[in-house]
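A.B. asks: Next up, structure_23.cif (mmCIF, C-alpha atoms).
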```
data_final
#
loop_
_atom_site.group_PDB
_atom_site.id
_atom_site.type_symbol
_atom_site.label_atom_id
_atom_site.label_comp_id
_atom_site.auth_asym_id
_atom_site.auth_seq_id
_atom_site.Cartn_x
_atom_site.Cartn_y
_atom_site.Cartn_z
ATOM 1 C CA MET A 1 -48.081 -25.167 -82.543
ATOM 2 C CA LEU A 2 -51.286 -27.212 -82.524
ATOM 3 C CA VAL A 3 -51.751 -30.506 -84.382
ATOM 4 C CA LEU A 4 -55.311 -31.663 -85.129
ATOM 5 C CA VAL A 5 -55.593 -35.423 -85.768
ATOM 6 C CA ALA A 6 -58.357 -37.895 -86.586
ATOM 7 C CA PRO A 7 -58.440 -41.560 -85.505
ATOM 8 C CA GLY A 8 -58.840 -44.621 -87.685
ATOM 9 C CA GLN A 9 -61.060 -47.673 -87.750
ATOM 10 C CA GLY A 10 -61.362 -49.580 -84.501
ATOM 11 C CA ALA A 11 -61.847 -46.400 -82.447
ATOM 12 C CA GLN A 12 -65.647 -46.661 -82.688
ATOM 13 C CA THR A 13 -67.787 -47.962 -79.799
ATOM 14 C CA PRO A 14 -71.562 -48.498 -79.593
ATOM 15 C CA GLY A 15 -73.467 -45.283 -78.922
ATOM 16 C CA PHE A 16 -70.428 -43.013 -79.080
ATOM 17 C CA LEU A 17 -72.225 -40.424 -81.234
ATOM 18 C CA THR A 18 -75.200 -40.023 -78.855
ATOM 19 C CA PRO A 19 -73.965 -37.099 -76.689
ATOM 20 C CA TRP A 20 -72.667 -35.192 -79.712
ATOM 21 C CA LEU A 21 -76.130 -35.121 -81.293
ATOM 22 C CA GLU A 22 -77.374 -33.044 -78.359
ATOM 23 C CA LEU A 23 -75.220 -30.089 -79.478
ATOM 24 C CA PRO A 24 -76.991 -27.281 -81.386
ATOM 25 C CA GLY A 25 -77.292 -28.079 -85.099
ATOM 26 C CA ALA A 26 -75.513 -31.436 -84.808
ATOM 27 C CA ALA A 27 -78.539 -33.630 -85.510
ATOM 28 C CA ASP A 28 -79.405 -31.608 -88.630
ATOM 29 C CA ARG A 29 -75.846 -31.843 -89.901
ATOM 30 C CA ILE A 30 -75.671 -35.614 -89.394
ATOM 31 C CA ALA A 31 -79.079 -36.048 -91.038
ATOM 32 C CA ALA A 32 -77.915 -34.116 -94.117
ATOM 33 C CA TRP A 33 -74.742 -36.197 -94.362
ATOM 34 C CA SER A 34 -76.791 -39.397 -93.964
ATOM 35 C CA ASP A 35 -78.969 -38.368 -96.922
ATOM 36 C CA ALA A 36 -75.922 -37.455 -99.004
ATOM 37 C CA ILE A 37 -74.265 -40.871 -98.619
ATOM 38 C CA GLY A 38 -77.310 -43.123 -98.232
ATOM 39 C CA LEU A 39 -76.402 -44.352 -94.742
ATOM 40 C CA ASP A 40 -78.280 -43.737 -91.476
ATOM 41 C CA LEU A 41 -75.415 -42.328 -89.426
ATOM 42 C CA VAL A 42 -77.721 -41.516 -86.508
ATOM 43 C CA HIS A 43 -78.795 -45.147 -86.132
ATOM 44 C CA TYR A 44 -75.267 -46.497 -86.401
ATOM 45 C CA GLY A 45 -73.818 -43.881 -84.086
ATOM 46 C CA THR A 46 -76.453 -44.250 -81.366
ATOM 47 C CA LYS A 47 -78.305 -47.585 -81.466
ATOM 48 C CA ALA A 48 -76.194 -50.087 -83.428
ATOM 49 C CA ASP A 49 -74.240 -52.764 -81.609
ATOM 50 C CA ALA A 50 -70.522 -53.477 -81.832
ATOM 51 C CA ASP A 51 -70.891 -55.998 -84.658
ATOM 52 C CA GLU A 52 -72.935 -53.603 -86.798
ATOM 53 C CA ILE A 53 -70.395 -50.809 -86.501
ATOM 54 C CA ARG A 54 -67.489 -53.161 -87.079
ATOM 55 C CA ASP A 55 -68.748 -53.460 -90.675
ATOM 56 C CA THR A 56 -66.182 -51.587 -92.762
ATOM 57 C CA ALA A 57 -68.833 -49.971 -94.968
ATOM 58 C CA VAL A 58 -70.456 -48.479 -91.842
ATOM 59 C CA ALA A 59 -67.483 -47.772 -89.581
ATOM 60 C CA GLN A 60 -65.529 -45.632 -92.025
ATOM 61 C CA PRO A 61 -68.129 -42.961 -92.864
ATOM 62 C CA LEU A 62 -69.311 -43.017 -89.242
ATOM 63 C CA LEU A 63 -65.806 -42.201 -87.993
ATOM 64 C CA VAL A 64 -65.290 -39.412 -90.523
ATOM 65 C CA ALA A 65 -68.690 -37.894 -89.704
ATOM 66 C CA ALA A 66 -67.930 -38.006 -85.968
ATOM 67 C CA GLY A 67 -64.560 -36.367 -86.507
ATOM 68 C CA LEU A 68 -66.022 -33.565 -88.591
ATOM 69 C CA LEU A 69 -68.886 -33.010 -86.153
ATOM 70 C CA SER A 70 -66.632 -32.820 -83.094
ATOM 71 C CA ALA A 71 -64.163 -30.500 -84.825
ATOM 72 C CA ALA A 72 -67.004 -28.158 -85.789
ATOM 73 C CA ALA A 73 -68.077 -28.090 -82.133
ATOM 74 C CA LEU A 74 -64.695 -26.622 -81.204
ATOM 75 C CA GLY A 75 -65.487 -23.451 -83.119
ATOM 76 C CA ALA A 76 -62.788 -21.568 -85.015
ATOM 77 C CA VAL A 77 -59.523 -23.515 -84.928
ATOM 78 C CA SER A 78 -56.216 -22.644 -86.592
ATOM 79 C CA PRO A 79 -54.044 -25.753 -86.321
ATOM 80 C CA GLY A 80 -50.519 -25.667 -87.645
ATOM 81 C CA VAL A 81 -50.809 -29.233 -88.933
ATOM 82 C CA VAL A 82 -53.591 -31.728 -89.673
ATOM 83 C CA ALA A 83 -53.286 -35.483 -90.108
ATOM 84 C CA GLY A 84 -55.375 -38.625 -89.783
ATOM 85 C CA HIS A 85 -54.664 -42.274 -89.123
ATOM 86 C CA SER A 86 -55.843 -44.500 -91.990
ATOM 87 C CA VAL A 87 -59.491 -43.547 -92.688
ATOM 88 C CA GLY A 88 -58.856 -40.505 -90.492
ATOM 89 C CA GLU A 89 -56.902 -39.083 -93.441
ATOM 90 C CA PHE A 90 -60.258 -38.350 -95.091
ATOM 91 C CA THR A 91 -61.294 -36.328 -92.046
ATOM 92 C CA ALA A 92 -57.956 -34.506 -92.178
ATOM 93 C CA ALA A 93 -58.394 -33.776 -95.894
ATOM 94 C CA ALA A 94 -61.643 -32.002 -95.024
ATOM 95 C CA PHE A 95 -59.934 -30.137 -92.155
ATOM 96 C CA ALA A 96 -57.318 -28.910 -94.629
ATOM 97 C CA GLY A 97 -59.946 -27.794 -97.166
ATOM 98 C CA VAL A 98 -58.793 -30.287 -99.814
ATOM 99 C CA LEU A 99 -62.335 -31.704 -99.911
ATOM 100 C CA ASP A 100 -65.542 -30.306 -98.484
ATOM 101 C CA ASP A 101 -67.265 -32.350 -95.795
ATOM 102 C CA THR A 102 -69.808 -33.980 -98.113
ATOM 103 C CA ALA A 103 -67.213 -34.877 -100.755
ATOM 104 C CA ALA A 104 -65.003 -36.464 -98.094
ATOM 105 C CA LEU A 105 -67.928 -38.492 -96.763
ATOM 106 C CA ARG A 106 -69.012 -39.630 -100.219
ATOM 107 C CA LEU A 107 -65.488 -40.738 -101.065
ATOM 108 C CA VAL A 108 -65.067 -42.561 -97.770
ATOM 109 C CA ARG A 109 -68.442 -44.263 -98.253
ATOM 110 C CA THR A 110 -67.104 -45.617 -101.561
ATOM 111 C CA ARG A 111 -63.900 -46.648 -99.779
ATOM 112 C CA GLY A 112 -65.761 -48.493 -97.055
ATOM 113 C CA LEU A 113 -67.966 -50.403 -99.475
ATOM 114 C CA ALA A 114 -65.031 -51.296 -101.724
ATOM 115 C CA MET A 115 -62.886 -52.446 -98.810
ATOM 116 C CA ALA A 116 -65.753 -54.504 -97.394
ATOM 117 C CA GLU A 117 -66.037 -56.257 -100.760
ATOM 118 C CA ALA A 118 -62.295 -56.899 -100.823
ATOM 119 C CA ALA A 119 -62.366 -58.173 -97.239
ATOM 120 C CA ALA A 120 -65.111 -60.667 -98.112
ATOM 121 C CA ILE A 121 -62.850 -62.475 -100.578
ATOM 122 C CA THR A 122 -60.673 -64.016 -97.854
ATOM 123 C CA PRO A 123 -61.220 -64.040 -94.066
ATOM 124 C CA THR A 124 -58.640 -61.545 -92.806
ATOM 125 C CA GLY A 125 -58.038 -59.229 -89.868
ATOM 126 C CA MET A 126 -55.605 -57.107 -87.906
ATOM 127 C CA SER A 127 -53.941 -57.412 -84.504
ATOM 128 C CA ALA A 128 -51.959 -54.917 -82.454
ATOM 129 C CA LEU A 129 -48.674 -56.055 -80.948
ATOM 130 C CA LEU A 130 -47.896 -54.526 -77.570
ATOM 131 C CA GLY A 131 -44.211 -54.215 -76.777
ATOM 132 C CA GLY A 132 -41.238 -55.507 -78.706
ATOM 133 C CA ASP A 133 -38.584 -54.002 -80.934
ATOM 134 C CA PRO A 134 -39.663 -53.215 -84.538
ATOM 135 C CA GLU A 135 -36.335 -54.513 -85.828
ATOM 136 C CA VAL A 136 -37.218 -57.909 -84.339
ATOM 137 C CA THR A 137 -40.986 -57.760 -84.852
ATOM 138 C CA VAL A 138 -41.151 -56.877 -88.558
ATOM 139 C CA PRO A 139 -38.997 -59.801 -89.815
ATOM 140 C CA HIS A 140 -40.992 -62.148 -87.567
ATOM 141 C CA LEU A 141 -44.274 -60.941 -89.085
ATOM 142 C CA GLU A 142 -42.921 -61.354 -92.585
ATOM 143 C CA LYS A 143 -41.822 -64.892 -91.747
ATOM 144 C CA LEU A 144 -45.448 -65.664 -90.840
ATOM 145 C CA GLY A 145 -46.721 -64.074 -94.062
ATOM 146 C CA LEU A 146 -48.143 -61.060 -92.229
ATOM 147 C CA THR A 147 -47.813 -57.379 -93.158
ATOM 148 C CA PRO A 148 -46.810 -54.628 -90.683
ATOM 149 C CA ALA A 149 -49.842 -52.623 -91.849
ATOM 150 C CA ASN A 150 -49.605 -49.869 -89.222
ATOM 151 C CA VAL A 151 -46.283 -48.743 -87.790
ATOM 152 C CA ASN A 152 -47.631 -46.475 -85.082
ATOM 153 C CA GLY A 153 -44.541 -45.490 -83.123
ATOM 154 C CA ALA A 154 -43.920 -45.895 -79.400
ATOM 155 C CA GLY A 155 -43.201 -49.558 -80.112
ATOM 156 C CA GLN A 156 -46.667 -50.330 -81.471
ATOM 157 C CA ILE A 157 -47.086 -52.266 -84.702
ATOM 158 C CA VAL A 158 -50.320 -53.641 -86.155
ATOM 159 C CA ALA A 159 -50.073 -56.877 -88.118
ATOM 160 C CA ALA A 160 -52.523 -57.765 -90.879
ATOM 161 C CA GLY A 161 -53.209 -60.923 -92.815
ATOM 162 C CA THR A 162 -55.407 -64.000 -92.905
ATOM 163 C CA LEU A 163 -57.078 -65.248 -89.745
ATOM 164 C CA GLU A 164 -54.862 -68.340 -89.883
ATOM 165 C CA GLN A 165 -51.736 -66.193 -90.024
ATOM 166 C CA LEU A 166 -52.965 -64.098 -87.093
ATOM 167 C CA ALA A 167 -53.681 -67.261 -85.095
ATOM 168 C CA ALA A 168 -50.120 -68.393 -85.806
ATOM 169 C CA LEU A 169 -48.904 -65.030 -84.480
ATOM 170 C CA GLU A 170 -50.849 -65.558 -81.241
ATOM 171 C CA ALA A 171 -49.094 -68.889 -80.816
ATOM 172 C CA ASP A 172 -45.675 -67.576 -81.857
ATOM 173 C CA LYS A 173 -45.218 -63.991 -80.662
ATOM 174 C CA PRO A 174 -42.040 -62.100 -81.578
ATOM 175 C CA GLU A 175 -39.477 -61.779 -78.817
ATOM 176 C CA GLY A 176 -40.376 -58.930 -76.470
ATOM 177 C CA VAL A 177 -44.038 -58.691 -77.491
ATOM 178 C CA ARG A 178 -46.222 -58.901 -74.375
ATOM 179 C CA ARG A 179 -49.638 -59.247 -75.984
ATOM 180 C CA VAL A 180 -51.347 -59.615 -79.340
ATOM 181 C CA VAL A 181 -54.736 -57.856 -79.392
ATOM 182 C CA ALA A 182 -57.272 -58.427 -82.181
ATOM 183 C CA LEU A 183 -58.680 -55.143 -83.514
ATOM 184 C CA LYS A 184 -62.326 -54.280 -84.177
ATOM 185 C CA VAL A 185 -61.926 -54.285 -87.946
ATOM 186 C CA ALA A 186 -63.257 -56.596 -90.632
ATOM 187 C CA GLY A 187 -60.255 -57.085 -92.877
ATOM 188 C CA ALA A 188 -56.508 -56.837 -93.490
ATOM 189 C CA PHE A 189 -56.431 -53.154 -94.331
ATOM 190 C CA HIS A 190 -53.348 -51.509 -95.835
ATOM 191 C CA THR A 191 -52.170 -54.786 -97.379
ATOM 192 C CA SER A 192 -52.325 -56.467 -100.776
ATOM 193 C CA HIS A 193 -55.656 -57.999 -99.686
ATOM 194 C CA MET A 194 -57.193 -54.552 -100.302
ATOM 195 C CA ALA A 195 -55.856 -54.156 -103.856
ATOM 196 C CA PRO A 196 -59.304 -54.790 -105.432
ATOM 197 C CA ALA A 197 -60.651 -51.696 -103.657
ATOM 198 C CA VAL A 198 -58.082 -49.338 -105.167
ATOM 199 C CA ALA A 199 -59.607 -49.299 -108.670
ATOM 200 C CA GLN A 200 -63.064 -48.406 -107.316
ATOM 201 C CA LEU A 201 -61.642 -45.584 -105.272
ATOM 202 C CA GLU A 202 -59.613 -44.300 -108.218
ATOM 203 C CA ALA A 203 -62.775 -44.106 -110.326
ATOM 204 C CA ALA A 204 -64.637 -42.178 -107.613
ATOM 205 C CA ALA A 205 -61.695 -39.825 -107.096
ATOM 206 C CA LYS A 206 -61.764 -38.769 -110.761
ATOM 207 C CA GLU A 207 -65.066 -36.989 -110.089
ATOM 208 C CA LEU A 208 -63.486 -34.693 -107.493
ATOM 209 C CA SER A 209 -61.970 -31.217 -107.772
ATOM 210 C CA PRO A 210 -59.574 -31.093 -104.830
ATOM 211 C CA ALA A 211 -58.180 -27.793 -103.563
ATOM 212 C CA ALA A 212 -54.672 -27.185 -102.284
ATOM 213 C CA PRO A 213 -54.432 -27.733 -98.519
ATOM 214 C CA ALA A 214 -55.012 -24.520 -96.569
ATOM 215 C CA THR A 215 -53.207 -26.094 -93.600
ATOM 216 C CA ARG A 216 -50.122 -28.312 -93.594
ATOM 217 C CA TYR A 217 -51.320 -31.842 -94.298
ATOM 218 C CA VAL A 218 -49.081 -34.701 -93.159
ATOM 219 C CA SER A 219 -49.460 -37.965 -95.078
ATOM 220 C CA ASN A 220 -49.579 -41.527 -93.716
ATOM 221 C CA LYS A 221 -47.528 -42.749 -96.647
ATOM 222 C CA ASP A 222 -44.214 -41.264 -95.550
ATOM 223 C CA GLY A 223 -44.901 -38.591 -92.930
ATOM 224 C CA GLN A 224 -44.294 -35.837 -95.472
ATOM 225 C CA VAL A 225 -46.201 -32.561 -95.808
ATOM 226 C CA VAL A 226 -48.250 -32.636 -99.020
ATOM 227 C CA THR A 227 -49.031 -29.268 -100.608
ATOM 228 C CA ASP A 228 -50.988 -30.319 -103.722
ATOM 229 C CA GLY A 229 -54.659 -31.263 -103.446
ATOM 230 C CA ALA A 230 -54.588 -33.797 -106.276
ATOM 231 C CA GLU A 231 -51.605 -35.490 -104.625
ATOM 232 C CA VAL A 232 -53.497 -35.674 -101.316
ATOM 233 C CA VAL A 233 -56.367 -37.467 -103.058
ATOM 234 C CA ALA A 234 -53.982 -39.791 -104.916
ATOM 235 C CA ARG A 235 -52.467 -40.743 -101.577
ATOM 236 C CA LEU A 236 -55.928 -41.330 -100.078
ATOM 237 C CA VAL A 237 -56.538 -43.821 -102.863
ATOM 238 C CA GLY A 238 -53.173 -45.559 -102.577
ATOM 239 C CA GLN A 239 -53.097 -45.894 -98.778
ATOM 240 C CA VAL A 240 -55.928 -48.458 -98.900
ATOM 241 C CA ALA A 241 -53.428 -51.140 -99.913
ATOM 242 C CA ASN A 242 -50.250 -49.728 -98.343
ATOM 243 C CA PRO A 243 -48.969 -49.449 -94.757
ATOM 244 C CA VAL A 244 -49.725 -46.516 -92.462
ATOM 245 C CA ARG A 245 -46.535 -44.895 -91.147
ATOM 246 C CA TRP A 246 -47.905 -42.988 -88.183
ATOM 247 C CA ASP A 247 -44.454 -43.110 -86.620
ATOM 248 C CA LEU A 248 -43.146 -40.924 -89.450
ATOM 249 C CA CYS A 249 -46.115 -38.560 -89.099
ATOM 250 C CA MET A 250 -45.245 -38.002 -85.452
ATOM 251 C CA GLU A 251 -41.607 -37.398 -86.330
ATOM 252 C CA THR A 252 -42.801 -34.660 -88.685
ATOM 253 C CA PHE A 253 -45.043 -33.141 -85.995
ATOM 254 C CA GLN A 254 -41.985 -32.939 -83.783
ATOM 255 C CA THR A 255 -39.786 -31.458 -86.532
ATOM 256 C CA LEU A 256 -42.417 -28.811 -87.263
ATOM 257 C CA GLY A 257 -42.472 -27.779 -83.610
ATOM 258 C CA ALA A 258 -45.681 -29.325 -82.266
ATOM 259 C CA THR A 259 -46.525 -28.263 -78.720
ATOM 260 C CA ALA A 260 -50.097 -29.578 -78.476
ATOM 261 C CA LEU A 261 -52.318 -32.198 -80.095
ATOM 262 C CA ILE A 262 -56.097 -32.587 -80.219
ATOM 263 C CA GLU A 263 -57.636 -35.869 -81.385
ATOM 264 C CA VAL A 264 -61.200 -35.528 -82.654
ATOM 265 C CA CYS A 265 -64.006 -37.923 -81.740
ATOM 266 C CA PRO A 266 -63.801 -40.814 -81.014
ATOM 267 C CA GLY A 267 -60.460 -39.802 -79.536
ATOM 268 C CA GLY A 268 -58.119 -41.760 -77.333
ATOM 269 C CA THR A 269 -55.946 -44.020 -79.470
ATOM 270 C CA LEU A 270 -53.709 -41.384 -81.077
ATOM 271 C CA THR A 271 -53.405 -39.303 -77.916
ATOM 272 C CA GLY A 272 -52.296 -42.435 -76.081
ATOM 273 C CA ILE A 273 -49.549 -43.032 -78.639
ATOM 274 C CA ALA A 274 -48.570 -39.349 -78.615
ATOM 275 C CA LYS A 275 -48.153 -39.298 -74.845
ATOM 276 C CA ARG A 276 -45.522 -42.020 -75.205
ATOM 277 C CA ALA A 277 -43.872 -40.876 -78.439
ATOM 278 C CA LEU A 278 -44.104 -37.077 -78.091
ATOM 279 C CA PRO A 279 -43.102 -36.242 -74.499
ATOM 280 C CA GLY A 280 -43.825 -32.659 -73.571
ATOM 281 C CA VAL A 281 -46.596 -32.281 -76.170
ATOM 282 C CA ALA A 282 -49.915 -31.539 -74.423
ATOM 283 C CA ALA A 283 -52.763 -33.720 -75.704
ATOM 284 C CA VAL A 284 -56.559 -33.794 -75.441
ATOM 285 C CA ALA A 285 -58.850 -36.500 -76.831
ATOM 286 C CA LEU A 286 -62.427 -35.584 -77.746
ATOM 287 C CA LYS A 287 -64.430 -38.536 -76.441
ATOM 288 C CA THR A 288 -67.589 -36.671 -75.431
ATOM 289 C CA PRO A 289 -68.655 -33.003 -75.493
ATOM 290 C CA ASP A 290 -67.402 -32.797 -71.910
ATOM 291 C CA ASP A 291 -63.885 -32.696 -73.390
ATOM 292 C CA LEU A 292 -64.535 -29.573 -75.478
ATOM 293 C CA ASP A 293 -63.588 -27.070 -72.780
ATOM 294 C CA ALA A 294 -60.182 -28.676 -72.218
ATOM 295 C CA ALA A 295 -59.607 -28.698 -75.969
ATOM 296 C CA ARG A 296 -60.579 -25.035 -76.317
ATOM 297 C CA THR A 297 -58.165 -24.131 -73.565
ATOM 298 C CA LEU A 298 -55.413 -25.967 -75.443
ATOM 299 C CA ILE A 299 -56.378 -24.157 -78.658
ATOM 300 C CA ALA A 300 -56.173 -20.773 -76.940
ATOM 301 C CA GLU A 301 -52.683 -21.578 -75.661
ATOM 302 C CA HIS A 302 -51.183 -23.271 -78.716
ATOM 303 C CA ALA A 303 -53.068 -22.551 -81.961
ATOM 304 C CA ALA A 304 -51.629 -20.345 -84.689
ATOM 305 C CA VAL A 305 -52.723 -16.717 -84.608
#
```
Take the structure in the file and write it out as structure tokens.

C.D. replies:
Amino acid sequence: MLVLVAPGQGAQTPGFLTPWLELPGAADRIAAWSDAIGLDLVHYGTKADADEIRDTAVAQPLLVAAGLLSAAALGAVSPGVVAGHSVGEFTAAAFAGVLDDTAALRLVRTRGLAMAEAAAITPTGMSALLGGDPEVTVPHLEKLGLTPANVNGAGQIVAAGTLEQLAALEADKPEGVRRVVALKVAGAFHTSHMAPAVAQLEAAAKELSPAAPATRYVSNKDGQVVTDGAEVVARLVGQVANPVRWDLCMETFQTLGATALIEVCPGGTLTGIAKRALPGVAAVALKTPDDLDAARTLIAEHAAV
């Protein structure tokens, strides 16, 4: 059984979209999406520097567009499950047919702008903790006023809070944590700092007509399969200010019988976690079009008939 997943913010790197635009029809598709959301995705995906694409309002639609473009390049795919990490949930909602590609991009453009506004209120950020035991790490973060915003499994937790709180974490790491790595994001996502963005996203979501998922959709909120389109959208709105439980998503993949996992562009982060947390599950990350053949081979061996 094949799982198709989409990465979250921080996965982007300068120029990562360039080779994908050489595929037939890709440039036209990206140009149409750029017009639909009022953002030059070609510029940001090919020429912009790391600081430009760290901007939340840019990074989020850019990541969703890249995920949709790379998935389309695979051709016909019949995954047993779809899921996304944080903003990748919007990509997954399009994979599942809950939203069409343009609707997903328009909603995520609203999300990015709203979260950028919320992030500007207080200087905040996120840092990944490498190593450690969650039972020790989480209370330590809470003692410092930080939120375990992403619980990713395989021992990885991402802390979020003010820059001062994150500096205190650097100086006072939980027992067993080897390193604290600042992420390429511009705010404390999935925390109370993002609460102002929720109302804007709720208003935008009211304009949508979501369909029921055509493929099993696993939610960041609790790792559960969601079968109602309106509930998927409600969860997309709520996850802005609530933690991502990727660990629970992976537990569900395992329970449902996952044998293979493909991470769409810009892949790497989720496949790395899966290799540690889901032993025996074959995984391919779509980083460039050179990875498409390996992914198609995996699809042929593991996708639903």

A.B. asks: Calculated over only C-alpha atoms, which of the candidates A:Lys275, A:Arg245, A:His140, A:Arg296 has the smallest distance to Ser78 in chain A?

C.D. replies: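 Closest to Ser78 in chain A of all the choices is A:Arg296.
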
A.B. asks: Any idea what's packed within 10 Å of range 118-130 of chain A, counting all atoms listed in the file, ignoring anything in its chain fewer than 5 positions away? Could you give it as a tab-separated table (two decimals) with C-alpha atoms, in the coordinates of the input?

C.D. replies:
```tsv
chain	number	residue	atom	x	y	z
A	56	THR	CA	-66.18	-51.59	-92.76
A	112	GLY	CA	-65.76	-48.49	-97.06
A	113	LEU	CA	-67.97	-50.40	-99.48
A	137	THR	CA	-40.99	-57.76	-84.85
A	146	LEU	CA	-48.14	-61.06	-92.23
A	147	THR	CA	-47.81	-57.38	-93.16
A	148	PRO	CA	-46.81	-54.63	-90.68
A	149	ALA	CA	-49.84	-52.62	-91.85
A	150	ASN	CA	-49.60	-49.87	-89.22
A	151	VAL	CA	-46.28	-48.74	-87.79
A	152	ASN	CA	-47.63	-46.48	-85.08
A	154	ALA	CA	-43.92	-45.90	-79.40
A	155	GLY	CA	-43.20	-49.56	-80.11
A	156	GLN	CA	-46.67	-50.33	-81.47
A	157	ILE	CA	-47.09	-52.27	-84.70
A	158	VAL	CA	-50.32	-53.64	-86.16
A	159	ALA	CA	-50.07	-56.88	-88.12
A	160	ALA	CA	-52.52	-57.76	-90.88
A	161	GLY	CA	-53.21	-60.92	-92.82
A	162	THR	CA	-55.41	-64.00	-92.90
A	163	LEU	CA	-57.08	-65.25	-89.74
A	164	GLU	CA	-54.86	-68.34	-89.88
A	165	GLN	CA	-51.74	-66.19	-90.02
A	166	LEU	CA	-52.96	-64.10	-87.09
A	167	ALA	CA	-53.68	-67.26	-85.10
A	169	LEU	CA	-48.90	-65.03	-84.48
A	170	GLU	CA	-50.85	-65.56	-81.24
A	173	LYS	CA	-45.22	-63.99	-80.66
A	174	PRO	CA	-42.04	-62.10	-81.58
A	176	GLY	CA	-40.38	-58.93	-76.47
A	177	VAL	CA	-44.04	-58.69	-77.49
A	178	ARG	CA	-46.22	-58.90	-74.38
A	179	ARG	CA	-49.64	-59.25	-75.98
A	180	VAL	CA	-51.35	-59.62	-79.34
A	181	VAL	CA	-54.74	-57.86	-79.39
A	182	ALA	CA	-57.27	-58.43	-82.18
A	183	LEU	CA	-58.68	-55.14	-83.51
A	184	LYS	CA	-62.33	-54.28	-84.18
A	185	VAL	CA	-61.93	-54.28	-87.95
A	186	ALA	CA	-63.26	-56.60	-90.63
A	187	GLY	CA	-60.26	-57.08	-92.88
A	188	ALA	CA	-56.51	-56.84	-93.49
A	189	PHE	CA	-56.43	-53.15	-94.33
A	190	HIS	CA	-53.35	-51.51	-95.84
A	192	SER	CA	-52.32	-56.47	-100.78
A	193	HIS	CA	-55.66	-58.00	-99.69
A	194	MET	CA	-57.19	-54.55	-100.30
A	195	ALA	CA	-55.86	-54.16	-103.86
A	196	PRO	CA	-59.30	-54.79	-105.43
A	197	ALA	CA	-60.65	-51.70	-103.66
A	198	VAL	CA	-58.08	-49.34	-105.17
```

A.B. asks: So, counting all atoms listed in the file, which residue among A:Val3, A:Ala72, A:Val244, A:Val58 is closest to Gly257 in chain A?

C.D. replies: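 Result for the nearest residue to Gly257 in chain A: A:Val3.
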
A.B. asks: May I ask which of the residues A:Pro134, A:Ala31, A:Ser86, A:Ala260 is the closest one to Ala300 in chain A, counting only C-alpha atoms?

C.D. replies: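 Ranked by minimum distance to Ala300 in chain A, first place goes to A:Ala260.
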
A.B. asks: Check what the PyMOL selection byres ((chain A and resi 8-12) around 8) selects in the file above and give those residues as a PyMOL selection string.

C.D. replies: chain A and resi 6-7+13-14+16+53-54+59-60+63+84-88+183-185+266-269

A.B. asks: Just to be explicit: take each residue in the selection above, keep C-alpha atoms, and write the result as a compact mmCIF listing (two decimals), in the coordinates of the input.

C.D. replies:
```txt
# COMPACT_ATOMS: atom_id res chain seq x y z
CA ALA A 6 -58.36 -37.90 -86.59
CA PRO A 7 -58.44 -41.56 -85.50
CA THR A 13 -67.79 -47.96 -79.80
CA PRO A 14 -71.56 -48.50 -79.59
CA PHE A 16 -70.43 -43.01 -79.08
CA ILE A 53 -70.40 -50.81 -86.50
CA ARG A 54 -67.49 -53.16 -87.08
CA ALA A 59 -67.48 -47.77 -89.58
CA GLN A 60 -65.53 -45.63 -92.02
CA LEU A 63 -65.81 -42.20 -87.99
CA GLY A 84 -55.38 -38.62 -89.78
CA HIS A 85 -54.66 -42.27 -89.12
CA SER A 86 -55.84 -44.50 -91.99
CA VAL A 87 -59.49 -43.55 -92.69
CA GLY A 88 -58.86 -40.51 -90.49
CA LEU A 183 -58.68 -55.14 -83.51
CA LYS A 184 -62.33 -54.28 -84.18
CA VAL A 185 -61.93 -54.28 -87.95
CA PRO A 266 -63.80 -40.81 -81.01
CA GLY A 267 -60.46 -39.80 -79.54
CA GLY A 268 -58.12 -41.76 -77.33
CA THR A 269 -55.95 -44.02 -79.47
```

A.B. asks: Take the PyMOL selection byres ((chain A and resi 94) around 12), apply it to the structure above, and return the hits as a ChimeraX atom specification.

C.D. replies: /A:4-6,64-65,67-69,71-72,82-84,87-93,95-108,210-215,217,229,232-233

A.B. asks: Which of these, A:Leu256, A:Ala36, A:Leu41, A:Ala205, has the shortest distance to Glu231 in chain A once you count only C-alpha atoms?

C.D. replies: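 Nearest candidate to Glu231 in chain A out of A:Leu256, A:Ala36, A:Leu41, A:Ala205: A:Ala205.
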
A.B. asks: Separation of CA of Asp228 in chain A and CA of Val81 in chain A, in Å?

C.D. replies: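 Computing it gives 14.8 Å between the two atoms.
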
A.B. asks: For Thr255 in chain A, which residue among A:Gly223, A:Trp20, A:Leu144, A:Ala274 is the nearest when counting all atoms listed in the file?

C.D. replies: A:Gly223

A.B. asks: Measure the distance from CA of Asp55 in chain A to CA of Glu22 in chain A in Å and round it to one decimal.

C.D. replies: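 Here the two named atoms are 25.4 Å from each other.
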
A.B. asks: State, in Å with one decimal place, the distance from CA of Trp33 in chain A to CA of Leu236 in chain A.

C.D. replies: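 Value for the CA of Trp33 in chain A-CA of Leu236 in chain A distance: 20.3 Å.
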
A.B. asks: For the PyMOL selection byres ((chain A and resi 45) around 8), applied here, can you spell out every residue it catches as a PyMOL selection string?

C.D. replies: chain A and resi 14-18+41-44+46-48+62

A.B. asks: Pick from A:Gly38, A:Thr191, A:Asp291, A:Ala230: nearest to Glu207 in chain A, with all atoms listed in the file counted?

C.D. replies: A:Ala230
